[in-house]
Amino acid sequence: MSAPFLTPRRRRALEALAARIVPEAAFRRSPDLPPVSARVETFLSETRPDLARGFAQLLLFFEYATFLFTLRFRRFSALPPEAQDRYLAGFERSRFYWRRALVLAVKVVLMVLFYEDPAVEAALGYDRRGLLPEAEWRARGAPALSSSPPLPSSSPLSSASPSSESSSPPSSAPSSPSPSSSGTAA
């Protein structure tokens, strides 16, 4: 890529959106956690140019479309946090799909890039080693992933063969005469 996709204006919009969407403040205790805006810039430089340009334009849309949806002559990054939350909530709750889809596109990129960070995974206590292929599970003595635990004995699906009680009709059940053998009632 010859030119960076995050110009100062786009970076300002991205940082304002990330501050409202990504729960970075809860993870700031970790000094090795890079800001999500740095991860987005890396993502944009490694993805297809048309997708990167589209995402960069989407950032500008959120930054400057506040007048269309809030009638305020202020950029998104200049709004107070409460007004930013209301602005984004208006997109999320809109009856128009395109508005919900726009905010969802930004949220997905920000959240995926945030939660894939090893520092965030460590802060959450997530261990990637838990994602082992089935062969490694078996090597460690675990049951096959495709097998399911046995059903409880009270389950109607637990017995594969019918019991002797269910194979013959109960003797106490009254038998009803067939319509052809019964006479006409007077």
# chains A, B, ... in the order shown; residues from 1 in each chain; ligands from 1
>>> residues_around(residues="A:Arg86", least_positions_apart="5", cutoff="12 Å", atoms="only C-alpha atoms", output="list in words")
Arg20, Thr66, Phe69, Thr70, Phe76, Leu79, Pro80, Pro81, Phe91, Glu92, Arg93 and Ser94 of chain A
>>> residues_around(residues="A:Phe5", least_positions_apart="6", cutoff="8 Å", atoms="only C-alpha atoms", output="PDB file with N, CA and C atoms, in the first residue's frame")
ATOM      1  N   GLU A  41      -5.184  -0.315  11.801  1.00  0.00           N
ATOM      2  CA  GLU A  41      -4.273   0.154  10.758  1.00  0.00           C
ATOM      3  C   GLU A  41      -3.491  -1.005  10.144  1.00  0.00           C
ATOM      4  N   LEU A  44      -5.930  -2.927   7.931  1.00  0.00           N
ATOM      5  CA  LEU A  44      -6.213  -2.245   6.674  1.00  0.00           C
ATOM      6  C   LEU A  44      -5.040  -2.341   5.699  1.00  0.00           C
ATOM      7  N   SER A  45      -3.830  -2.363   6.219  1.00  0.00           N
ATOM      8  CA  SER A  45      -2.676  -2.459   5.321  1.00  0.00           C
ATOM      9  C   SER A  45      -2.508  -3.870   4.760  1.00  0.00           C
ATOM     10  N   ALA A  52     -10.249  -1.975   2.342  1.00  0.00           N
ATOM     11  CA  ALA A  52      -9.621  -0.971   3.200  1.00  0.00           C
ATOM     12  C   ALA A  52     -10.164   0.416   2.892  1.00  0.00           C
ATOM     13  N   ARG A  53     -10.301   0.756   1.615  1.00  0.00           N
ATOM     14  CA  ARG A  53     -10.858   2.064   1.255  1.00  0.00           C
ATOM     15  C   ARG A  53     -12.305   2.187   1.717  1.00  0.00           C
ATOM     16  N   ALA A  56     -12.332   2.764   5.433  1.00  0.00           N
ATOM     17  CA  ALA A  56     -11.861   4.121   5.719  1.00  0.00           C
ATOM     18  C   ALA A  56     -12.945   5.151   5.410  1.00  0.00           C
TER      19      ALA A  56
END
>>> residues_around(residues="stretch 110-114 of chain A", least_positions_apart="3", cutoff="8 Å", atoms="only C-alpha atoms", output="count of residues only")
10
>>> atom_distance(atom1="atom CA of A:Leu14", atom2="atom CA of A:Leu60")
8.8 Å
>>> residues_around(residues="A:Arg10", least_positions_apart="5", cutoff="10 Å", atoms="only C-alpha atoms", output="PyMOL selection string")
chain A and resi 5+15-16+55-63
>>> atom_distance(atom1="atom CA of A:Arg12", atom2="atom CA of A:Tyr64")
11.6 Å
>>> atom_distance(atom1="atom CA of A:Arg95", atom2="atom CA of A:Leu17")
21.5 Å
